[in-house]
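> Here you go, model-v2.pdb (PDB, C-alpha atoms):
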```pdb
ATOM      1  CA  MET A   1     102.579 141.031  76.849
ATOM      2  CA  ARG A   2      98.999 142.333  76.851
ATOM      3  CA  GLN A   3      97.770 138.920  75.651
ATOM      4  CA  LEU A   4      99.655 137.194  78.485
ATOM      5  CA  LYS A   5      98.103 139.522  81.032
ATOM      6  CA  THR A   6      94.657 138.827  79.593
ATOM      7  CA  LEU A   7      95.224 135.069  79.791
ATOM      8  CA  ALA A   8      96.429 135.366  83.382
ATOM      9  CA  LEU A   9      93.379 137.425  84.311
ATOM     10  CA  CYS A  10      91.057 134.854  82.719
ATOM     11  CA  TRP A  11      92.812 132.130  84.690
ATOM     12  CA  TRP A  12      92.237 133.866  88.015
ATOM     13  CA  LEU A  13      88.707 134.978  87.215
ATOM     14  CA  PHE A  14      87.313 131.816  85.656
ATOM     15  CA  ILE A  15      89.557 128.743  85.913
ATOM     16  CA  ILE A  16      90.614 128.982  89.573
ATOM     17  CA  PRO A  17      87.053 129.578  90.890
ATOM     18  CA  SER A  18      85.731 126.619  88.867
ATOM     19  CA  ILE A  19      88.435 124.347  90.312
ATOM     20  CA  LEU A  20      87.684 125.510  93.841
ATOM     21  CA  PHE A  21      83.954 125.065  93.289
ATOM     22  CA  ALA A  22      84.467 121.504  92.029
ATOM     23  CA  GLN A  23      86.567 120.647  95.090
ATOM     24  CA  LEU A  24      83.931 122.117  97.404
ATOM     25  CA  ALA A  25      81.195 120.160  95.636
ATOM     26  CA  ASP A  26      83.179 116.917  95.914
ATOM     27  CA  SER A  27      83.894 117.447  99.609
ATOM     28  CA  LEU A  28      80.223 118.163 100.319
ATOM     29  CA  THR A  29      79.282 115.043  98.373
ATOM     30  CA  ILE A  30      81.383 112.946 100.753
ATOM     31  CA  VAL A  31      80.599 114.638 104.075
ATOM     32  CA  THR A  32      76.844 114.753 103.439
ATOM     33  CA  LYS A  33      76.612 111.234 101.994
ATOM     34  CA  GLU A  34      73.951 108.971 103.454
ATOM     35  CA  TRP A  35      76.088 105.862 103.549
ATOM     36  CA  SER A  36      74.530 102.422 103.558
ATOM     37  CA  THR A  37      75.620 101.427 107.071
ATOM     38  CA  THR A  38      75.833  97.895 108.482
ATOM     39  CA  PRO A  39      77.030  97.223 112.044
ATOM     40  CA  VAL A  40      79.464  94.290 112.091
ATOM     41  CA  LYS A  41      79.806  94.238 115.858
ATOM     42  CA  ARG A  42      79.938  96.871 118.551
ATOM     43  CA  GLY A  43      82.501  99.464 117.490
ATOM     44  CA  VAL A  44      82.869  98.068 113.949
ATOM     45  CA  VAL A  45      80.770  99.455 111.078
ATOM     46  CA  TRP A  46      80.769  98.723 107.349
ATOM     47  CA  LYS A  47      79.788 101.681 105.156
ATOM     48  CA  LYS A  48      79.066 101.633 101.443
ATOM     49  CA  GLY A  49      78.275 104.367  98.954
ATOM     50  CA  HIS A  50      77.818 104.813  95.208
ATOM     51  CA  PHE A  51      78.455 108.200  93.602
ATOM     52  CA  GLU A  52      77.194 109.237  90.191
ATOM     53  CA  ASN A  53      79.387 112.337  90.090
ATOM     54  CA  LEU A  54      82.427 112.377  92.355
ATOM     55  CA  PHE A  55      85.549 113.891  90.761
ATOM     56  CA  GLN A  56      83.432 114.006  87.573
ATOM     57  CA  SER A  57      83.213 110.209  87.571
ATOM     58  CA  GLN A  58      81.196 107.300  88.891
ATOM     59  CA  GLN A  59      82.657 105.850  92.082
ATOM     60  CA  GLU A  60      81.907 102.966  94.447
ATOM     61  CA  ILE A  61      83.423 103.178  97.939
ATOM     62  CA  ASN A  62      83.357 100.636 100.760
ATOM     63  CA  PHE A  63      85.058 101.146 104.092
ATOM     64  CA  ILE A  64      85.214  99.666 107.566
ATOM     65  CA  GLU A  65      85.321 102.004 110.569
ATOM     66  CA  ILE A  66      86.891 100.431 113.669
ATOM     67  CA  ASP A  67      86.797 101.997 117.118
ATOM     68  CA  LEU A  68      90.372 101.573 118.351
ATOM     69  CA  LYS A  69      89.396 102.193 121.960
ATOM     70  CA  LYS A  70      87.499  98.896 121.796
ATOM     71  CA  HIS A  71      89.409  96.835 119.252
ATOM     72  CA  ARG A  72      93.069  97.881 118.919
ATOM     73  CA  LYS A  73      94.333  94.720 120.642
ATOM     74  CA  LYS A  74      92.466  92.517 118.145
ATOM     75  CA  LEU A  75      94.146  93.930 115.037
ATOM     76  CA  GLY A  76      96.786  91.905 113.237
ATOM     77  CA  LEU A  77      98.738  91.264 110.063
ATOM     78  CA  ALA A  78      98.748  87.919 108.268
ATOM     79  CA  ALA A  79     101.257  87.019 105.570
ATOM     80  CA  ASP A  80     102.903  84.167 103.724
ATOM     81  CA  ALA A  81     106.529  84.356 102.608
ATOM     82  CA  SER A  82     105.936  82.721  99.215
ATOM     83  CA  GLN A  83     102.355  81.475  98.789
ATOM     84  CA  LEU A  84      99.648  83.817  97.532
ATOM     85  CA  LYS A  85      96.181  83.485  99.065
ATOM     86  CA  LYS A  86      92.922  85.336  98.665
ATOM     87  CA  THR A  87      92.120  87.942 101.289
ATOM     88  CA  SER A  88      89.090  85.848 102.259
ATOM     89  CA  GLN A  89      91.326  82.786 102.788
ATOM     90  CA  PHE A  90      93.802  84.701 104.957
ATOM     91  CA  ALA A  91      90.822  86.080 106.879
ATOM     92  CA  ALA A  92      89.285  82.649 107.464
ATOM     93  CA  GLU A  93      92.613  81.214 108.639
ATOM     94  CA  ASN A  94      92.860  83.991 111.239
ATOM     95  CA  GLN A  95      89.201  84.022 112.345
ATOM     96  CA  ALA A  96      88.900  87.597 111.082
ATOM     97  CA  ILE A  97      85.633  89.491 111.114
ATOM     98  CA  VAL A  98      86.942  92.160 108.710
ATOM     99  CA  ALA A  99      90.080  92.391 106.579
ATOM    100  CA  ILE A 100      91.712  94.326 103.747
ATOM    101  CA  ASN A 101      94.452  93.332 101.323
ATOM    102  CA  GLY A 102      97.916  94.556 102.278
ATOM    103  CA  GLY A 103     101.100  95.513 100.438
ATOM    104  CA  PHE A 104     102.537  94.912  96.982
ATOM    105  CA  PHE A 105     103.731  91.431  96.056
ATOM    106  CA  ASP A 106     105.483  89.239  93.503
ATOM    107  CA  MET A 107     102.707  87.834  91.308
ATOM    108  CA  LYS A 108     104.994  85.179  89.811
ATOM    109  CA  ASN A 109     106.945  83.910  92.815
ATOM    110  CA  GLY A 110     104.732  85.024  95.704
ATOM    111  CA  GLY A 111     105.635  86.955  98.823
ATOM    112  CA  ALA A 112     105.675  90.687  99.473
ATOM    113  CA  VAL A 113     108.100  92.874  97.539
ATOM    114  CA  ASP A 114     108.295  95.266 100.504
ATOM    115  CA  TYR A 115     109.286  94.617 104.109
ATOM    116  CA  ILE A 116     106.740  92.975 106.361
ATOM    117  CA  LYS A 117     107.037  91.648 109.912
ATOM    118  CA  VAL A 118     104.279  89.683 111.635
ATOM    119  CA  ASN A 119     104.223  88.876 115.344
ATOM    120  CA  GLY A 120     107.952  89.582 115.636
ATOM    121  CA  SER A 121     109.003  87.475 112.630
ATOM    122  CA  VAL A 122     110.217  89.033 109.379
ATOM    123  CA  ILE A 123     108.192  87.412 106.593
ATOM    124  CA  ASN A 124     109.719  89.271 103.639
ATOM    125  CA  GLU A 125     112.527  91.764 103.200
ATOM    126  CA  SER A 126     112.232  94.497 100.574
ATOM    127  CA  ARG A 127     113.300  93.201  97.169
ATOM    128  CA  ALA A 128     113.957  96.625  95.647
ATOM    129  CA  THR A 129     113.981 100.268  96.669
ATOM    130  CA  THR A 130     111.122 102.340  95.249
ATOM    131  CA  ASP A 131     109.872 105.836  96.023
ATOM    132  CA  ARG A 132     106.379 104.371  96.263
ATOM    133  CA  ALA A 133     107.168 102.326  99.393
ATOM    134  CA  ASN A 134     107.559 105.283 101.754
ATOM    135  CA  ALA A 135     104.923 104.547 104.415
ATOM    136  CA  LEU A 136     104.713 102.207 107.387
ATOM    137  CA  LEU A 137     101.831 100.721 109.286
ATOM    138  CA  VAL A 138     103.223  99.741 112.700
ATOM    139  CA  LEU A 139     101.096  97.793 115.096
ATOM    140  CA  SER A 140     101.243  96.353 118.589
ATOM    141  CA  LYS A 141      98.676  95.627 121.281
ATOM    142  CA  LYS A 142      99.467  99.014 122.831
ATOM    143  CA  SER A 143      99.596 101.279 119.789
ATOM    144  CA  ILE A 144      99.079 101.701 116.067
ATOM    145  CA  ALA A 145     100.563 104.329 113.760
ATOM    146  CA  ILE A 146     101.035 105.275 110.117
ATOM    147  CA  LEU A 147     104.473 106.788 109.649
ATOM    148  CA  PRO A 148     106.803 107.990 106.890
ATOM    149  CA  THR A 149     109.833 105.771 106.383
ATOM    150  CA  GLU A 150     112.235 108.704 106.265
ATOM    151  CA  GLY A 151     114.586 108.638 109.236
ATOM    152  CA  LEU A 152     113.076 105.474 110.757
ATOM    153  CA  ASP A 153     115.064 102.285 111.302
ATOM    154  CA  TYR A 154     111.923 100.217 110.964
ATOM    155  CA  GLN A 155     113.817  96.967 110.377
ATOM    156  CA  ASN A 156     115.117  97.182 113.937
ATOM    157  CA  SER A 157     112.022  98.656 115.538
ATOM    158  CA  ALA A 158     110.409  97.120 118.595
ATOM    159  CA  PHE A 159     107.049  96.905 116.849
ATOM    160  CA  PRO A 160     106.075  93.244 116.370
ATOM    161  CA  ASN A 161     104.001  94.064 113.264
ATOM    162  CA  VAL A 162     105.308  96.273 110.457
ATOM    163  CA  LEU A 163     103.893  96.686 106.950
ATOM    164  CA  LEU A 164     105.832  98.738 104.400
ATOM    165  CA  SER A 165     103.764 100.073 101.492
ATOM    166  CA  GLY A 166     102.664 103.385 100.075
ATOM    167  CA  PRO A 167     102.743 106.036  98.938
ATOM    168  CA  LEU A 168     102.034 107.949 102.123
ATOM    169  CA  LEU A 169      98.885 110.012 101.511
ATOM    170  CA  LEU A 170      98.258 112.049 104.674
ATOM    171  CA  GLN A 171     100.356 112.958 107.690
ATOM    172  CA  GLN A 172      98.814 114.892 110.573
ATOM    173  CA  GLY A 173      95.974 115.978 108.314
ATOM    174  CA  THR A 174      98.204 117.324 105.547
ATOM    175  CA  ALA A 175      98.201 115.816 102.065
ATOM    176  CA  ILE A 176     101.601 114.558 100.935
ATOM    177  CA  ASP A 177     102.948 115.808  97.611
ATOM    178  CA  LEU A 178     102.875 112.923  95.136
ATOM    179  CA  ARG A 179     105.117 112.415  92.149
ATOM    180  CA  LYS A 180     103.644 112.836  88.692
ATOM    181  CA  ASN A 181     103.497 109.344  87.203
ATOM    182  CA  SER A 182     100.958 106.911  85.775
ATOM    183  CA  PHE A 183     100.630 104.915  88.999
ATOM    184  CA  ASN A 184      99.634 107.999  90.981
ATOM    185  CA  ASP A 185      97.757 109.922  88.295
ATOM    186  CA  ASN A 186      95.698 107.287  86.463
ATOM    187  CA  ARG A 187      92.434 105.985  87.867
ATOM    188  CA  HIS A 188      92.626 102.509  89.390
ATOM    189  CA  PRO A 189      90.893 100.451  92.064
ATOM    190  CA  ARG A 190      92.520 101.495  95.343
ATOM    191  CA  SER A 191      92.963 100.193  98.882
ATOM    192  CA  ALA A 192      94.033 102.339 101.819
ATOM    193  CA  VAL A 193      94.324 102.353 105.591
ATOM    194  CA  ALA A 194      93.864 105.491 107.679
ATOM    195  CA  LEU A 195      93.713 106.758 111.254
ATOM    196  CA  THR A 196      91.271 109.469 112.307
ATOM    197  CA  GLY A 197      91.590 112.135 114.959
ATOM    198  CA  ASP A 198      88.894 110.469 117.051
ATOM    199  CA  LYS A 199      90.710 107.132 117.409
ATOM    200  CA  LYS A 200      89.138 105.270 114.493
ATOM    201  CA  LEU A 201      90.845 103.003 111.973
ATOM    202  CA  LEU A 202      89.515 103.120 108.415
ATOM    203  CA  LEU A 203      89.963 100.267 105.941
ATOM    204  CA  LEU A 204      88.839 101.662 102.596
ATOM    205  CA  VAL A 205      88.507 100.254  99.096
ATOM    206  CA  VAL A 206      87.543 102.096  95.908
ATOM    207  CA  ASP A 207      86.331  99.961  93.007
ATOM    208  CA  GLY A 208      87.465 100.619  89.458
ATOM    209  CA  ARG A 209      87.923  99.450  85.860
ATOM    210  CA  ASN A 210      84.180  99.335  85.340
ATOM    211  CA  ALA A 211      81.554 101.653  83.898
ATOM    212  CA  GLN A 212      79.880 101.760  87.331
ATOM    213  CA  ALA A 213      83.124 102.534  89.164
ATOM    214  CA  GLN A 214      86.024 104.251  87.447
ATOM    215  CA  GLY A 215      88.596 104.185  90.250
ATOM    216  CA  MET A 216      90.597 107.073  91.666
ATOM    217  CA  ARG A 217      93.816 108.942  91.293
ATOM    218  CA  LEU A 218      95.867 108.899  94.482
ATOM    219  CA  ASN A 219      95.326 112.600  95.164
ATOM    220  CA  GLU A 220      91.566 111.955  94.920
ATOM    221  CA  LEU A 221      91.879 109.037  97.327
ATOM    222  CA  ALA A 222      93.751 111.258  99.797
ATOM    223  CA  LYS A 223      90.989 113.878  99.609
ATOM    224  CA  VAL A 224      88.268 111.316 100.311
ATOM    225  CA  LEU A 225      90.149 110.004 103.338
ATOM    226  CA  ARG A 226      90.698 113.515 104.692
ATOM    227  CA  TRP A 227      87.008 114.357 104.192
ATOM    228  CA  LEU A 228      86.169 111.201 106.154
ATOM    229  CA  GLY A 229      88.215 112.533 109.071
ATOM    230  CA  ALA A 230      91.565 110.836 108.479
ATOM    231  CA  SER A 231      94.688 112.477 109.868
ATOM    232  CA  ASP A 232      97.214 109.848 108.712
ATOM    233  CA  ALA A 233      96.747 107.578 105.710
ATOM    234  CA  MET A 234      98.688 105.320 103.369
ATOM    235  CA  ASN A 235      97.987 103.593 100.090
ATOM    236  CA  LEU A 236      98.038  99.798  99.856
ATOM    237  CA  ASP A 237      98.207  97.499  96.851
ATOM    238  CA  GLY A 238      95.349  98.316  94.487
ATOM    239  CA  GLY A 239      94.170  97.316  91.052
ATOM    240  CA  GLY A 240      92.875  93.757  90.920
ATOM    241  CA  SER A 241      94.230  93.167  94.435
ATOM    242  CA  SER A 242      91.823  95.590  96.124
ATOM    243  CA  SER A 243      89.599  93.523  98.399
ATOM    244  CA  LEU A 244      87.573  94.301 101.513
ATOM    245  CA  PHE A 245      86.265  91.409 103.612
ATOM    246  CA  VAL A 246      83.364  91.320 106.056
ATOM    247  CA  ASN A 247      82.656  87.889 107.478
ATOM    248  CA  GLU A 248      79.415  86.386 106.126
ATOM    249  CA  ALA A 249      78.393  89.605 104.356
ATOM    250  CA  THR A 250      78.426  87.784 100.993
ATOM    251  CA  LYS A 251      79.158  84.288  99.726
ATOM    252  CA  THR A 252      82.886  85.066  99.589
ATOM    253  CA  GLY A 253      82.875  87.677 102.355
ATOM    254  CA  LEU A 254      84.039  90.275  99.826
ATOM    255  CA  VAL A 255      81.932  93.457  99.922
ATOM    256  CA  ASN A 256      83.609  95.326  97.082
ATOM    257  CA  HIS A 257      83.872  94.403  93.407
ATOM    258  CA  PRO A 258      87.371  93.107  92.558
ATOM    259  CA  SER A 259      88.155  93.766  88.917
ATOM    260  CA  ASP A 260      89.982  90.581  87.864
ATOM    261  CA  ASN A 261      86.862  88.857  86.506
ATOM    262  CA  ARG A 262      85.764  91.993  84.610
ATOM    263  CA  ALA A 263      82.346  91.802  86.271
ATOM    264  CA  PHE A 264      80.854  94.150  88.844
ATOM    265  CA  ASP A 265      80.419  91.519  91.544
ATOM    266  CA  PRO A 266      82.332  90.148  94.586
ATOM    267  CA  GLU A 267      83.644  87.090  92.727
ATOM    268  CA  GLY A 268      86.831  88.335  91.040
ATOM    269  CA  GLU A 269      89.123  88.061  94.060
ATOM    270  CA  ARG A 270      92.883  87.944  93.395
ATOM    271  CA  PRO A 271      95.325  86.044  95.659
ATOM    272  CA  VAL A 272      97.619  88.393  97.609
ATOM    273  CA  ALA A 273     100.642  88.131  99.898
ATOM    274  CA  ASN A 274      99.325  89.679 103.129
ATOM    275  CA  ILE A 275      96.370  91.328 104.835
ATOM    276  CA  LEU A 276      95.436  93.604 107.730
ATOM    277  CA  TYR A 277      92.585  92.160 109.758
ATOM    278  CA  LEU A 278      90.467  92.474 112.885
ATOM    279  CA  LYS A 279      89.727  89.348 114.849
TER
END
```
Can the structure in the file be given as structure tokens, please?

Amino acid sequence: MRQLKTLALCWWLFIIPSILFAQLADSLTIVTKEWSTTPVKRGVVWKKGHFENLFQSQQEINFIEIDLKKHRKKLGLAADASQLKKTSQFAAENQAIVAINGGFFDMKNGGAVDYIKVNGSVINESRATTDRANALLVLSKKSIAILPTEGLDYQNSAFPNVLLSGPLLLQQGTAIDLRKNSFNDNRHPRSAVALTGDKKLLLLVVDGRNAQAQGMRLNELAKVLRWLGASDAMNLDGGGSSSLFVNEATKTGLVNHPSDNRAFDPEGERPVANILYLK
């Protein structure tokens, strides 16, 4: 019993403070970061940052910050029911100035594996029920929201644009409890969309599977988004699918480093089933 009490005391005196200190250091690293900032157009900014020691790892983060007061009506989803296309191709077909890859998809047969509706037309129904797909991006010319699926009849909603993906990461500024599994807990390239309290939309990609960028666990991704001011946030398809597009920023338009070609460059873009874009 005495040994157990000693171990418990050591935990509270040494382990807990070190964990809290690490979290404080990571949050300060994000909020004090001097991001490489490139205006795309008025109210749209591309920010990029490399971190030598964030969550005790090397990280590369790119995100687009969109002022919704200026640009909400120009947001849209693009999707194909069966054909996979690169994010840059979807973006070009829709005259997009910025875009991010969307939800999970069938790599063999094409099309999203989770529900998606674009401009009032259902492109794909959900092919299976998973606990991962528990978040909705709903979009119209009048409003945009990130919502939990629980209790929502999203298939019969009036929103003309609905993207089902996940997991949900933040709701009203609170981190969502995530299941313990390899998808959530291992480090991967990640894509996410978030809304801030000051009416901004964030499209964020974390690179991974490279010595210069190790990728994030989902709880780490949620922390970064919250430190950037997000109140609501959801995960999108990641891994080799993670792609962030800024028109004419590079040869392909990709500003992150997709991992499919195993090189730290913008060339390894993977075809996907859908995107979120700004025209």
> Select, from A:Leu244, A:Val122, A:Ala194, A:Leu204, the residue with the minimum atom-to-atom distance to A:Gln171, counting all atoms listed in the file.
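Of A:Leu244, A:Val122, A:Ala194, A:Leu204, the one nearest A:Gln171 is A:Ala194, counting all atoms listed in the file.
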> Nearest to A:Met107 among A:Asn256, A:Gln155, A:Glu93, A:Ser241, with distances taken over all atoms listed in the file: which residue is it?
A:Ser241
> Go through the shown structure with the PyMOL selection byres ((chain A and resi 61) around 7) and write out the matching residues as a list of chain:residue names.
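After applying the PyMOL selection byres ((chain A and resi 61) around 7), what remains is A:Lys48, A:Gly49, A:His50, A:Gln59, A:Glu60, A:Asn62, A:Phe63, A:Val205, A:Val206, A:Asp207.
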> Could you give me, as a PyMOL selection string, the residues within 8 Å of A:Pro148, counting all atoms listed in the file and dropping anything in the same chain fewer than 5 positions from it?
chain A and resi 134-136+168
> To test your reading of the syntax: which residues would the PyMOL selection byres ((chain A and resi 203) around 10) return for the file shown? Reply as a PDB file with C-alpha atoms, keeping the file's coordinate frame.

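Okay, part-v9.pdb is ready:
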```pdb
ATOM      1  CA  TRP A  46      80.769  98.723 107.349  1.00  0.00           C
ATOM      2  CA  ASN A  62      83.357 100.636 100.760  1.00  0.00           C
ATOM      3  CA  PHE A  63      85.058 101.146 104.092  1.00  0.00           C
ATOM      4  CA  ILE A  64      85.214  99.666 107.566  1.00  0.00           C
ATOM      5  CA  GLU A  65      85.321 102.004 110.569  1.00  0.00           C
ATOM      6  CA  ILE A  66      86.891 100.431 113.669  1.00  0.00           C
ATOM      7  CA  VAL A  98      86.942  92.160 108.710  1.00  0.00           C
ATOM      8  CA  ALA A  99      90.080  92.391 106.579  1.00  0.00           C
ATOM      9  CA  ILE A 100      91.712  94.326 103.747  1.00  0.00           C
ATOM     10  CA  ASN A 101      94.452  93.332 101.323  1.00  0.00           C
ATOM     11  CA  SER A 191      92.963 100.193  98.882  1.00  0.00           C
ATOM     12  CA  ALA A 192      94.033 102.339 101.819  1.00  0.00           C
ATOM     13  CA  VAL A 193      94.324 102.353 105.591  1.00  0.00           C
ATOM     14  CA  ALA A 194      93.864 105.491 107.679  1.00  0.00           C
ATOM     15  CA  LEU A 195      93.713 106.758 111.254  1.00  0.00           C
ATOM     16  CA  LYS A 200      89.138 105.270 114.493  1.00  0.00           C
ATOM     17  CA  LEU A 201      90.845 103.003 111.973  1.00  0.00           C
ATOM     18  CA  LEU A 202      89.515 103.120 108.415  1.00  0.00           C
ATOM     19  CA  LEU A 204      88.839 101.662 102.596  1.00  0.00           C
ATOM     20  CA  VAL A 205      88.507 100.254  99.096  1.00  0.00           C
ATOM     21  CA  ALA A 233      96.747 107.578 105.710  1.00  0.00           C
ATOM     22  CA  LEU A 244      87.573  94.301 101.513  1.00  0.00           C
ATOM     23  CA  PHE A 245      86.265  91.409 103.612  1.00  0.00           C
ATOM     24  CA  LEU A 276      95.436  93.604 107.730  1.00  0.00           C
ATOM     25  CA  TYR A 277      92.585  92.160 109.758  1.00  0.00           C
TER      26      TYR A 277
END
```
> Counting all atoms listed in the file, figure out which residue out of A:Gly111, A:Glu125, A:Phe104, A:Arg72 gets nearest to A:Lys85.
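Checking each of A:Gly111, A:Glu125, A:Phe104, A:Arg72 against A:Lys85, counting all atoms listed in the file, the winner is A:Gly111.
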> Using only C-alpha atoms, what residues lie at most 12 Å away from (102.7, 106.0, 92.0) (file coordinates), given as a PyMOL selection string?
chain A and resi 130-134+165-169+177-188+190+217-219+235-238
> What would the file look like if the residues just selected were written as a PDB file, in the coordinates of the input with C-alpha atoms?

```pdb
ATOM      1  CA  THR A 130     111.122 102.340  95.249  1.00  0.00           C
ATOM      2  CA  ASP A 131     109.872 105.836  96.023  1.00  0.00           C
ATOM      3  CA  ARG A 132     106.379 104.371  96.263  1.00  0.00           C
ATOM      4  CA  ALA A 133     107.168 102.326  99.393  1.00  0.00           C
ATOM      5  CA  ASN A 134     107.559 105.283 101.754  1.00  0.00           C
ATOM      6  CA  SER A 165     103.764 100.073 101.492  1.00  0.00           C
ATOM      7  CA  GLY A 166     102.664 103.385 100.075  1.00  0.00           C
ATOM      8  CA  PRO A 167     102.743 106.036  98.938  1.00  0.00           C
ATOM      9  CA  LEU A 168     102.034 107.949 102.123  1.00  0.00           C
ATOM     10  CA  LEU A 169      98.885 110.012 101.511  1.00  0.00           C
ATOM     11  CA  ASP A 177     102.948 115.808  97.611  1.00  0.00           C
ATOM     12  CA  LEU A 178     102.875 112.923  95.136  1.00  0.00           C
ATOM     13  CA  ARG A 179     105.117 112.415  92.149  1.00  0.00           C
ATOM     14  CA  LYS A 180     103.644 112.836  88.692  1.00  0.00           C
ATOM     15  CA  ASN A 181     103.497 109.344  87.203  1.00  0.00           C
ATOM     16  CA  SER A 182     100.958 106.911  85.775  1.00  0.00           C
ATOM     17  CA  PHE A 183     100.630 104.915  88.999  1.00  0.00           C
ATOM     18  CA  ASN A 184      99.634 107.999  90.981  1.00  0.00           C
ATOM     19  CA  ASP A 185      97.757 109.922  88.295  1.00  0.00           C
ATOM     20  CA  ASN A 186      95.698 107.287  86.463  1.00  0.00           C
ATOM     21  CA  ARG A 187      92.434 105.985  87.867  1.00  0.00           C
ATOM     22  CA  HIS A 188      92.626 102.509  89.390  1.00  0.00           C
ATOM     23  CA  ARG A 190      92.520 101.495  95.343  1.00  0.00           C
ATOM     24  CA  ARG A 217      93.816 108.942  91.293  1.00  0.00           C
ATOM     25  CA  LEU A 218      95.867 108.899  94.482  1.00  0.00           C
ATOM     26  CA  ASN A 219      95.326 112.600  95.164  1.00  0.00           C
ATOM     27  CA  ASN A 235      97.987 103.593 100.090  1.00  0.00           C
ATOM     28  CA  LEU A 236      98.038  99.798  99.856  1.00  0.00           C
ATOM     29  CA  ASP A 237      98.207  97.499  96.851  1.00  0.00           C
ATOM     30  CA  GLY A 238      95.349  98.316  94.487  1.00  0.00           C
TER      31      GLY A 238
END
```
> Excluding A:Ala273 and residues on its chain fewer than 4 positions from it, collect all residues at most 7 Å away from it, counting only C-alpha atoms, and give them as a list in words.
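After dropping sequence-adjacent residues, the list is Ala79, Asp80, Gln83, Leu84, Lys85, Phe105, Gly110, Gly111 and Ala112 of chain A.
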> For atom CA of A:His71 and atom CA of A:Lys117, quote the distance in Å rounded to one decimal.
20.6 Å
> Taking the file as I've supplied it (selection: the PyMOL selection byres ((chain A and resi 268) around 10)), which residues are included? Please answer as a VMD selection string.
chain A and resid 240 to 241 243 252 254 256 to 267 269 to 271
> I'd like the contact shell of stretch 26-33 of chain A - 10 Å cut-off, only C-alpha atoms, skipping same-chain residues fewer than 3 positions apart - returned as a list of chain:residue names.
A:Leu20, A:Phe21, A:Ala22, A:Gln23, A:Ser36, A:Lys48, A:Gly49, A:His50, A:Phe51, A:Asn53, A:Leu54, A:Phe55, A:Gln56, A:Glu220, A:Lys223, A:Val224, A:Leu225, A:Arg226, A:Trp227, A:Leu228, A:Gly229
> Can you work out which one of A:Gln95, A:Asn274, A:Ser82, A:Thr250 has the shortest atom-to-atom distance to A:Asn109, counting all atoms listed in the file?
A:Ser82
> Using only C-alpha atoms, which of the listed residues (A:Ala222, A:Leu137, A:Ala230, A:Ala78) sits closest to A:Asp198?
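Of A:Ala222, A:Leu137, A:Ala230, A:Ala78, the one nearest A:Asp198 is A:Ala230, counting only C-alpha atoms.
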